[in-house]
file my_file_27.cif (mmCIF, C-alpha atoms)
data_run
loop_
_atom_site.label_atom_id
_atom_site.label_comp_id
_atom_site.auth_asym_id
_atom_site.auth_seq_id
_atom_site.Cartn_x
_atom_site.Cartn_y
_atom_site.Cartn_z
CA MET A 1 45.89 -32.11 -17.30
CA ASP A 2 44.95 -35.33 -19.10
CA ARG A 3 42.18 -35.58 -21.61
CA LYS A 4 39.63 -37.09 -19.23
CA ALA A 5 40.10 -34.33 -16.65
CA GLY A 6 39.84 -31.75 -19.41
CA PHE A 7 36.62 -33.27 -20.62
CA LEU A 8 35.18 -33.28 -17.10
CA PHE A 9 36.25 -29.66 -16.62
CA LEU A 10 34.61 -28.60 -19.87
CA SER A 11 31.49 -30.56 -18.98
CA ALA A 12 31.32 -28.84 -15.62
CA LEU A 13 31.74 -25.46 -17.31
CA TYR A 14 29.07 -26.33 -19.85
CA ILE A 15 26.60 -27.42 -17.18
CA THR A 16 27.33 -24.34 -15.09
CA PHE A 17 26.72 -21.92 -17.91
CA PHE A 18 24.10 -23.67 -20.00
CA GLY A 19 22.72 -26.49 -17.94
CA LEU A 20 20.83 -24.54 -15.31
CA PRO A 21 19.11 -22.09 -17.65
CA ALA A 22 18.30 -25.02 -19.93
CA ALA A 23 16.73 -26.88 -17.02
CA SER A 24 14.45 -24.01 -16.11
CA LEU A 25 13.65 -23.40 -19.76
CA ALA A 26 12.70 -27.05 -20.10
CA ALA A 27 10.29 -26.80 -17.18
CA GLU A 28 8.75 -23.72 -18.68
CA ASN A 29 8.55 -25.31 -22.11
CA ILE A 30 6.44 -28.15 -20.76
CA CYS A 31 3.88 -25.58 -19.81
CA HIS A 32 4.49 -23.57 -22.94
CA GLN A 33 3.22 -26.58 -24.88
CA GLN A 34 0.05 -26.31 -22.85
CA GLY A 35 -0.19 -22.67 -23.81
CA LEU A 36 0.82 -21.08 -20.54
CA GLU A 37 2.73 -17.82 -20.77
CA ILE A 38 4.02 -15.91 -17.76
CA ARG A 39 5.13 -12.31 -18.10
CA GLN A 40 6.26 -9.33 -16.04
CA ALA A 41 6.89 -11.26 -12.84
CA GLU A 42 7.72 -8.76 -10.13
CA ILE A 43 8.14 -8.77 -6.35
CA ARG A 44 7.86 -5.69 -4.20
CA ALA A 45 11.16 -4.72 -2.55
CA THR A 46 10.90 -4.99 1.22
CA PRO A 47 11.17 -1.99 3.51
CA PRO A 48 13.28 -2.59 6.65
CA ASN A 49 11.48 -4.74 9.26
CA ALA A 50 8.78 -5.84 6.83
CA PRO A 51 8.97 -9.66 6.65
CA VAL A 52 6.16 -9.91 4.08
CA THR A 53 5.80 -8.85 0.46
CA GLY A 54 3.71 -9.37 -2.65
CA GLY A 55 4.46 -11.02 -5.99
CA TYR A 56 2.76 -9.93 -9.21
CA LEU A 57 2.64 -11.23 -12.77
CA HIS A 58 0.61 -11.79 -15.91
CA ILE A 59 -0.53 -15.32 -16.76
CA HIS A 60 -1.80 -15.94 -20.29
CA ASN A 61 -3.49 -19.23 -21.08
CA HIS A 62 -3.28 -19.74 -24.85
CA GLY A 63 -4.35 -23.35 -24.44
CA THR A 64 -7.71 -24.98 -24.90
CA SER A 65 -8.30 -26.05 -21.31
CA MET A 66 -8.65 -24.16 -18.07
CA GLN A 67 -5.53 -23.87 -15.91
CA ARG A 68 -5.48 -23.31 -12.19
CA LEU A 69 -2.68 -21.75 -10.18
CA THR A 70 -2.90 -23.77 -6.98
CA ALA A 71 0.18 -22.84 -4.95
CA ALA A 72 3.46 -20.96 -4.88
CA SER A 73 6.70 -21.34 -2.97
CA ALA A 74 10.15 -19.79 -2.83
CA ASP A 75 13.43 -20.44 -1.05
CA PHE A 76 13.45 -16.91 0.39
CA SER A 77 10.00 -17.31 1.96
CA GLY A 78 9.02 -19.58 4.84
CA HIS A 79 5.37 -19.52 3.90
CA THR A 80 3.64 -18.50 0.67
CA GLU A 81 -0.06 -18.07 -0.11
CA ILE A 82 -2.21 -16.89 -2.98
CA HIS A 83 -4.24 -13.89 -1.90
CA GLN A 84 -6.91 -11.55 -3.03
CA MET A 85 -7.54 -8.03 -1.82
CA ILE A 86 -10.83 -6.21 -1.90
CA LEU A 87 -11.45 -2.57 -1.02
CA GLU A 88 -14.73 -2.52 0.88
CA ALA A 89 -16.10 0.77 2.23
CA GLY A 90 -12.57 2.18 2.37
CA VAL A 91 -11.25 -0.89 4.19
CA MET A 92 -8.62 -3.03 2.46
CA LYS A 93 -9.47 -6.66 3.12
CA MET A 94 -7.06 -9.45 2.30
CA SER A 95 -7.79 -13.17 2.28
CA PRO A 96 -6.10 -16.38 1.07
CA LEU A 97 -7.64 -18.13 -1.96
CA LYS A 98 -7.86 -21.80 -0.96
CA ASP A 99 -8.88 -22.93 -4.46
CA GLY A 100 -6.20 -20.85 -6.16
CA ILE A 101 -6.80 -18.84 -9.30
CA GLU A 102 -8.46 -20.08 -12.48
CA ILE A 103 -7.16 -18.99 -15.85
CA ALA A 104 -9.80 -19.79 -18.45
CA ALA A 105 -8.84 -21.32 -21.80
CA GLY A 106 -7.74 -18.43 -24.00
CA GLY A 107 -7.85 -16.16 -20.98
CA HIS A 108 -5.48 -13.91 -19.12
CA ILE A 109 -5.23 -12.82 -15.52
CA GLN A 110 -3.06 -10.22 -13.91
CA LEU A 111 -1.87 -10.40 -10.33
CA LYS A 112 -1.40 -6.74 -9.47
CA PRO A 113 -1.19 -4.35 -6.52
CA GLY A 114 -4.64 -3.87 -5.02
CA GLY A 115 -5.96 -7.20 -6.28
CA LEU A 116 -4.69 -10.75 -6.65
CA HIS A 117 -1.14 -11.41 -5.51
CA ILE A 118 1.27 -14.03 -4.27
CA MET A 119 1.93 -13.33 -0.62
CA PHE A 120 5.47 -14.21 0.48
CA MET A 121 5.64 -14.43 4.28
CA GLN A 122 8.36 -15.25 6.81
CA LEU A 123 10.96 -13.75 4.50
CA LYS A 124 14.43 -15.10 5.21
CA GLN A 125 16.19 -12.10 3.70
CA PRO A 126 15.38 -8.53 2.62
CA LEU A 127 14.57 -8.23 -1.09
CA ALA A 128 16.37 -5.32 -2.73
CA PRO A 129 15.36 -3.52 -5.94
CA SER A 130 16.83 -5.02 -9.16
CA ASP A 131 17.56 -8.38 -7.52
CA MET A 132 16.22 -11.43 -9.32
CA HIS A 133 14.65 -14.24 -7.32
CA GLN A 134 13.22 -17.54 -8.42
CA ALA A 135 9.91 -18.79 -7.10
CA THR A 136 7.90 -21.86 -8.06
CA LEU A 137 4.32 -21.61 -9.21
CA THR A 138 2.28 -24.80 -9.11
CA PHE A 139 -0.47 -25.35 -11.68
CA ASP A 140 -2.97 -28.20 -11.59
CA LYS A 141 -2.09 -29.47 -15.07
CA CYS A 142 1.41 -28.11 -15.61
CA GLY A 143 2.83 -28.92 -12.21
CA ASP A 144 5.70 -26.85 -10.88
CA VAL A 145 6.83 -23.94 -13.03
CA PRO A 146 9.96 -22.00 -12.01
CA VAL A 147 9.51 -18.28 -12.53
CA LEU A 148 12.15 -15.61 -12.23
CA PHE A 149 10.84 -12.51 -10.45
CA LYS A 150 12.42 -9.08 -10.63
CA VAL A 151 12.39 -7.09 -7.40
CA THR A 152 11.07 -3.54 -7.84
CA LYS A 153 10.18 -0.80 -5.40
CA THR A 154 6.86 -0.09 -7.10
CA PRO A 155 5.62 -3.20 -8.92
CA GLY A 156 2.92 -2.90 -11.56
CA GLN A 157 4.18 0.50 -12.70
CA SER A 158 5.69 -0.71 -15.96
CA ASP A 159 2.28 -2.04 -16.87
CA SER A 160 0.68 1.40 -17.07
CA ALA A 161 3.26 2.33 -19.71
CA GLY A 162 1.90 -0.40 -21.95
CA HIS A 163 2.33 -4.10 -22.40
CA SER A 164 5.24 -3.76 -24.81
CA THR A 165 7.58 -2.71 -21.99
CA GLY A 166 8.71 -4.45 -18.85
CA HIS A 167 9.02 -7.98 -20.15
CA THR A 168 10.93 -9.11 -17.11
CA HIS A 169 10.66 -12.85 -17.48
CA GLN A 170 14.03 -13.81 -18.92
CA HIS A 171 16.25 -16.86 -18.77
CA MET B 1 -44.98 53.47 3.70
CA LYS B 2 -42.78 54.56 6.63
CA LYS B 3 -44.35 51.77 8.70
CA ILE B 4 -43.45 49.14 6.12
CA ILE B 5 -39.81 50.32 6.08
CA ILE B 6 -39.63 50.15 9.89
CA ILE B 7 -41.17 46.67 9.95
CA ALA B 8 -38.80 45.49 7.21
CA ALA B 9 -35.80 46.97 9.06
CA LEU B 10 -36.87 45.34 12.33
CA PHE B 11 -37.34 42.04 10.48
CA ILE B 12 -33.82 42.18 9.02
CA VAL B 13 -32.27 43.17 12.37
CA THR B 14 -34.09 40.27 14.06
CA LEU B 15 -32.85 37.85 11.39
CA ILE B 16 -29.25 39.00 11.76
CA GLY B 17 -29.58 38.77 15.54
CA ALA B 18 -31.00 35.26 15.40
CA TYR B 19 -28.26 34.13 13.01
CA SER B 20 -25.51 35.66 15.16
CA LEU B 21 -26.97 34.10 18.31
CA SER B 22 -27.19 30.64 16.71
CA GLU B 23 -23.61 30.95 15.41
CA TYR B 24 -22.47 32.07 18.86
CA ILE B 25 -24.20 29.12 20.54
CA ALA B 26 -22.80 26.72 17.92
CA ARG B 27 -19.28 28.00 18.48
CA GLN B 28 -19.67 27.63 22.22
CA LEU B 29 -20.99 24.09 21.89
CA TYR B 30 -18.69 22.88 19.10
CA PRO B 31 -15.60 25.08 19.23
CA GLN B 32 -13.67 22.85 16.82
CA ASN B 33 -16.33 22.58 14.17
CA THR B 34 -17.12 26.19 13.37
CA GLY B 35 -18.36 26.89 9.88
CA ALA B 36 -16.99 24.42 7.37
CA ARG B 37 -14.07 23.47 9.61
CA MET B 38 -13.99 20.03 11.13
CA GLN B 39 -11.32 18.41 13.23
CA LEU B 40 -10.87 14.65 13.05
CA GLY B 41 -9.36 12.49 15.74
CA SER B 42 -8.58 13.59 19.25
CA PRO B 43 -5.67 15.03 21.23
CA PHE B 44 -2.96 12.41 21.81
CA ASN B 45 0.34 11.75 23.53
CA LEU B 46 2.26 9.18 21.52
CA THR B 47 5.77 8.48 20.21
CA ALA B 48 7.20 9.29 16.79
CA HIS B 49 9.43 6.78 14.93
CA THR B 50 12.38 8.92 15.99
CA GLY B 51 11.59 8.14 19.63
CA GLU B 52 10.42 11.71 20.35
CA ALA B 53 7.08 12.50 21.94
CA ILE B 54 4.38 13.63 19.49
CA THR B 55 0.97 15.24 19.97
CA GLU B 56 -1.81 16.64 17.76
CA GLN B 57 0.32 19.82 17.54
CA ALA B 58 2.24 18.00 14.79
CA PHE B 59 -0.69 18.76 12.45
CA GLN B 60 -0.21 22.52 12.92
CA GLY B 61 1.71 24.85 10.60
CA THR B 62 1.92 22.64 7.50
CA PRO B 63 -0.82 20.67 5.71
CA SER B 64 -0.81 16.93 6.40
CA ALA B 65 -1.67 13.63 4.75
CA VAL B 66 -2.55 11.09 7.46
CA PHE B 67 -2.61 7.35 6.84
CA PHE B 68 -3.20 4.39 9.17
CA GLY B 69 -1.27 1.17 8.51
CA PHE B 70 1.31 -1.31 9.81
CA THR B 71 4.80 -2.49 8.85
CA HIS B 72 3.76 -6.12 8.18
CA CYS B 73 1.32 -4.80 5.57
CA PRO B 74 2.39 -6.31 2.25
CA GLU B 75 0.79 -3.92 -0.10
CA VAL B 76 -1.55 -1.05 0.59
CA CYS B 77 0.83 0.58 3.11
CA PRO B 78 4.03 0.57 1.03
CA THR B 79 2.04 1.52 -2.06
CA THR B 80 0.37 4.45 -0.30
CA LEU B 81 3.61 5.71 1.26
CA ASN B 82 5.43 5.46 -2.09
CA ASP B 83 2.58 7.21 -3.90
CA LEU B 84 2.40 9.99 -1.31
CA THR B 85 6.13 10.72 -1.40
CA ASN B 86 6.11 10.72 -5.21
CA LEU B 87 3.10 13.05 -5.30
CA ARG B 88 4.67 15.28 -2.67
CA ASP B 89 7.84 15.62 -4.73
CA GLU B 90 5.68 16.78 -7.63
CA VAL B 91 3.64 19.19 -5.47
CA THR B 92 6.78 20.49 -3.75
CA ALA B 93 8.09 21.65 -7.13
CA GLY B 94 5.80 24.64 -6.47
CA LYS B 95 7.62 25.20 -3.15
CA LYS B 96 4.63 24.38 -0.96
CA THR B 97 4.64 21.06 0.76
CA PHE B 98 2.78 18.78 3.14
CA ASN B 99 3.81 16.37 5.86
CA ILE B 100 3.02 12.66 5.77
CA PHE B 101 1.94 10.81 8.92
CA PHE B 102 1.81 7.02 9.24
CA ILE B 103 -0.12 5.96 12.35
CA THR B 104 0.17 2.26 13.18
CA VAL B 105 -2.85 0.05 13.83
CA ASP B 106 -0.43 -2.66 15.04
CA PRO B 107 1.32 -1.13 18.08
CA ALA B 108 2.26 -4.61 19.38
CA ARG B 109 4.64 -5.27 16.48
CA ASP B 110 5.23 -1.68 15.34
CA THR B 111 7.45 -0.51 18.15
CA VAL B 112 9.59 2.60 17.82
CA ALA B 113 12.50 0.28 16.95
CA ALA B 114 10.49 -1.29 14.10
CA LEU B 115 9.33 2.07 12.72
CA ARG B 116 12.74 3.76 13.05
CA ASP B 117 14.12 1.96 9.98
CA TYR B 118 10.83 1.38 8.16
CA ILE B 119 9.67 5.00 7.86
CA PRO B 120 12.81 6.64 6.32
CA TYR B 121 12.87 3.91 3.60
CA PHE B 122 9.99 5.77 1.92
CA GLY B 123 11.66 9.19 2.04
CA ASP B 124 11.93 12.36 4.10
CA GLY B 125 9.08 14.19 5.76
CA ILE B 126 7.25 11.07 6.93
CA THR B 127 6.51 10.65 10.62
CA GLY B 128 5.58 7.26 12.03
CA ILE B 129 3.38 7.28 15.13
CA THR B 130 3.12 4.50 17.70
CA GLY B 131 2.85 4.10 21.48
CA GLU B 132 0.95 2.28 24.19
CA GLU B 133 -1.56 -0.09 22.61
CA GLU B 134 -4.64 1.45 24.22
CA ALA B 135 -3.57 5.01 23.42
CA VAL B 136 -2.94 4.10 19.77
CA TYR B 137 -6.28 2.29 19.48
CA ALA B 138 -8.08 5.24 21.11
CA LEU B 139 -6.63 7.55 18.44
CA ALA B 140 -7.64 5.17 15.63
CA ARG B 141 -11.17 5.01 17.06
CA ALA B 142 -11.34 8.81 17.28
CA TRP B 143 -10.49 8.99 13.57
CA GLY B 144 -13.24 6.48 12.74
CA ILE B 145 -10.70 3.90 11.55
CA PHE B 146 -11.74 0.26 11.08
CA TRP B 147 -9.14 -2.42 11.82
CA GLU B 148 -9.40 -6.15 12.40
CA LYS B 149 -6.84 -8.95 12.66
CA ASN B 150 -7.35 -11.78 10.20
CA ASN B 151 -5.55 -14.69 8.56
CA ILE B 152 -4.00 -15.54 11.92
CA THR B 153 -1.39 -18.32 11.55
CA GLU B 154 1.70 -19.39 13.45
CA SER B 155 3.65 -17.03 11.21
CA GLY B 156 1.67 -14.00 12.37
CA TYR B 157 -1.42 -12.17 11.27
CA ASN B 158 -2.67 -9.61 8.81
CA ILE B 159 -4.79 -6.57 9.63
CA ASP B 160 -7.64 -5.39 7.44
CA HIS B 161 -7.84 -1.64 7.91
CA THR B 162 -9.20 1.61 6.53
CA ALA B 163 -6.93 2.53 3.62
CA THR B 164 -8.10 6.12 3.20
CA VAL B 165 -5.61 9.00 3.26
CA PHE B 166 -6.96 11.95 5.28
CA LEU B 167 -5.95 15.46 4.25
CA LEU B 168 -5.64 18.23 6.85
CA ASP B 169 -4.95 21.91 6.24
CA ASP B 170 -2.17 23.79 8.02
CA LYS B 171 -4.47 24.39 11.02
CA GLY B 172 -5.18 20.68 11.36
CA TYR B 173 -8.71 20.92 9.96
CA PHE B 174 -10.12 18.15 7.78
CA LYS B 175 -9.97 19.05 4.07
CA GLY B 176 -10.71 15.78 2.28
CA THR B 177 -9.57 12.26 1.55
CA ILE B 178 -7.71 10.27 -1.08
CA ASP B 179 -9.13 6.84 -1.82
CA TYR B 180 -6.79 3.89 -2.50
CA HIS B 181 -8.11 3.41 -6.03
CA GLU B 182 -8.24 7.10 -6.89
CA SER B 183 -6.32 8.06 -10.02
CA ARG B 184 -2.96 9.73 -9.65
CA ASP B 185 -4.22 12.86 -11.44
CA ILE B 186 -7.08 13.36 -9.00
CA ALA B 187 -4.83 12.72 -6.00
CA LEU B 188 -2.32 15.25 -7.36
CA LYS B 189 -5.03 17.90 -7.84
CA LYS B 190 -6.31 17.35 -4.30
CA LEU B 191 -2.81 17.73 -2.86
CA GLU B 192 -2.14 20.84 -4.95
CA ARG B 193 -5.35 22.38 -3.62
CA LEU B 194 -4.42 21.33 -0.09
CA THR B 195 -1.01 22.97 -0.24
CA ALA B 196 -2.44 26.13 -1.87
CA ILE B 197 -4.69 26.85 1.17
CA ARG B 198 -3.35 29.72 3.27
#
call {"tool": "encode", "arguments": {"input": "my_file_27.cif", "output": "structure tokens"}}
result
Amino acid sequence: MDRKAGFLFLSALYITFFGLPAASLAAENICHQQGLEIRQAEIRATPPNAPVTGGYLHIHNHGTSMQRLTAASADFSGHTEIHQMILEAGVMKMSPLKDGIEIAAGGHIQLKPGGLHIMFMQLKQPLAPSDMHQATLTFDKCGDVPVLFKVTKTPGQSDSAGHSTGHTHQH
Amino acid sequence: MKKIIIIAALFIVTLIGAYSLSEYIARQLYPQNTGARMQLGSPFNLTAHTGEAITEQAFQGTPSAVFFGFTHCPEVCPTTLNDLTNLRDEVTAGKKTFNIFFITVDPARDTVAALRDYIPYFGDGITGITGEEEAVYALARAWGIFWEKNNITESGYNIDHTATVFLLDDKGYFKGTIDYHESRDIALKKLERLTAIR
């Protein structure tokens, strides 16, 4: 193996192991500068024959201007929407939020079971517990932010044990 | 004095007679709703997720938790089924148990084939119920269930529906409900009381 080939090989190795995480970190850092922090991103594992599921997470806006989550997408989903659910007279009503979700300056919102969630439809594969899947959240000011979601059978459960646990957003 | 006693006795006998007669008439008119006992729903002939025929007799012998939902339901249905099986495991520690029934409000998509794999994912002791569209809808109506298709796109539709869990005793009589937002502690107490009834 000559030196050039060796260099290329090492470069390829370097990019494989460090390049990709660095790329997603970079995208997140852009938003981090604007004070956006995303935590505990979880997707509900899919039961057999259920081609839809919900995504949940915490979004903190430490910045000084309002941020709006406008859209979401993922490779494993043919169609993704931002939804809200309201329990009205015992009836669970779900509807898409066309204007997305506002996160006020200095504010925090939680997408959680029974309320706001990202609705992944037309799933191309079953999502199994403990799998990690990347989705893209689009914010009006930050643009596209890649977020790594952990698949769990009962999302939102780690939250009840306190905010110190279940920090699932890792790179 | 004697007269007063006779009048009082006659009065009491008349009262008891009137009460008995009204109870008798009530039982004749509403045989299912005697006293504090109320039966929800109606008799039915449908199909379980196993492919076997199922009727209202399934609610006899063991207390039941009955929930209406559909497999394409992203949230309230899997959450409720998970919660119920977890609660049942806790209640069953005291040896008494209850059955869980999942009746579809989406018979078009929730065929026996679709429910066959879906139901066991959440654990044992859950029975999925589906069948002919009209028969399923008739049962949902008899239970006072609300359901409505919405968010209809080329990728399908969602169904808004009553998310209440109905509790039945081992004779199939209505004993209470669990609301979707009810705390786990309250739900557990209700299920413990339900399984303690004999």
call {"tool": "closest_residue", "arguments": {"input": "my_file_27.cif", "among": "B:Glu134, B:Glu56, B:Asp160, B:Glu154", "to": "chain A", "atoms": "only C-alpha atoms"}}
result
B:Asp160
call {"tool": "resolve_selection", "arguments": {"input": "my_file_27.cif", "expression": "the PyMOL selection byres ((chain A) within 12 of (chain B))", "output": "PyMOL selection string"}}
result
chain A and resi 43-56+77-81+83-97+112-123+128+152-157+160
call {"tool": "resolve_selection", "arguments": {"input": "my_file_27.cif", "expression": "the PyMOL selection byres ((chain A and resi 70) around 6)", "output": "JSON, numbers by chain"}}
result
{"A": [68, 69, 71, 100, 138, 139]}
call {"tool": "residues_around", "arguments": {"input": "my_file_27.cif", "residues": "Ala58 (chain B)", "least_positions_apart": "5", "cutoff": "12 Å", "atoms": "all atoms listed in the file", "output": "ChimeraX atom specification"}}
result
/B:43-48,52-53,63-66,98-101,125-129,168-172
call {"tool": "atom_distance", "arguments": {"input": "my_file_27.cif", "atom1": "CA of Thr97 (chain B)", "atom2": "CA of Gly51 (chain B)"}}
result
23.9 Å
call {"tool": "atom_distance", "arguments": {"input": "my_file_27.cif", "atom1": "CA of Ser130 (chain A)", "atom2": "CA of His32 (chain A)"}}
result
26.2 Å
call {"tool": "atom_distance", "arguments": {"input": "my_file_27.cif", "atom1": "CA of Gly107 (chain A)", "atom2": "CA of Met132 (chain A)"}}
result
27.2 Å
call {"tool": "resolve_selection", "arguments": {"input": "my_file_27.cif", "expression": "the PyMOL selection byres ((chain A and resi 135) around 7)", "output": "list of chain:residue names"}}
result
A:Ser73, A:Ala74, A:His133, A:Gln134, A:Thr136, A:Leu137, A:Pro146, A:Val147, A:Leu148
call {"tool": "residues_around", "arguments": {"input": "my_file_27.cif", "residues": "Lys141 (chain A)", "least_positions_apart": "5", "cutoff": "12 Å", "atoms": "all atoms listed in the file", "output": "MDAnalysis selection string"}}
result
chainID A and resid 30:36 61 63 65:70 102:103
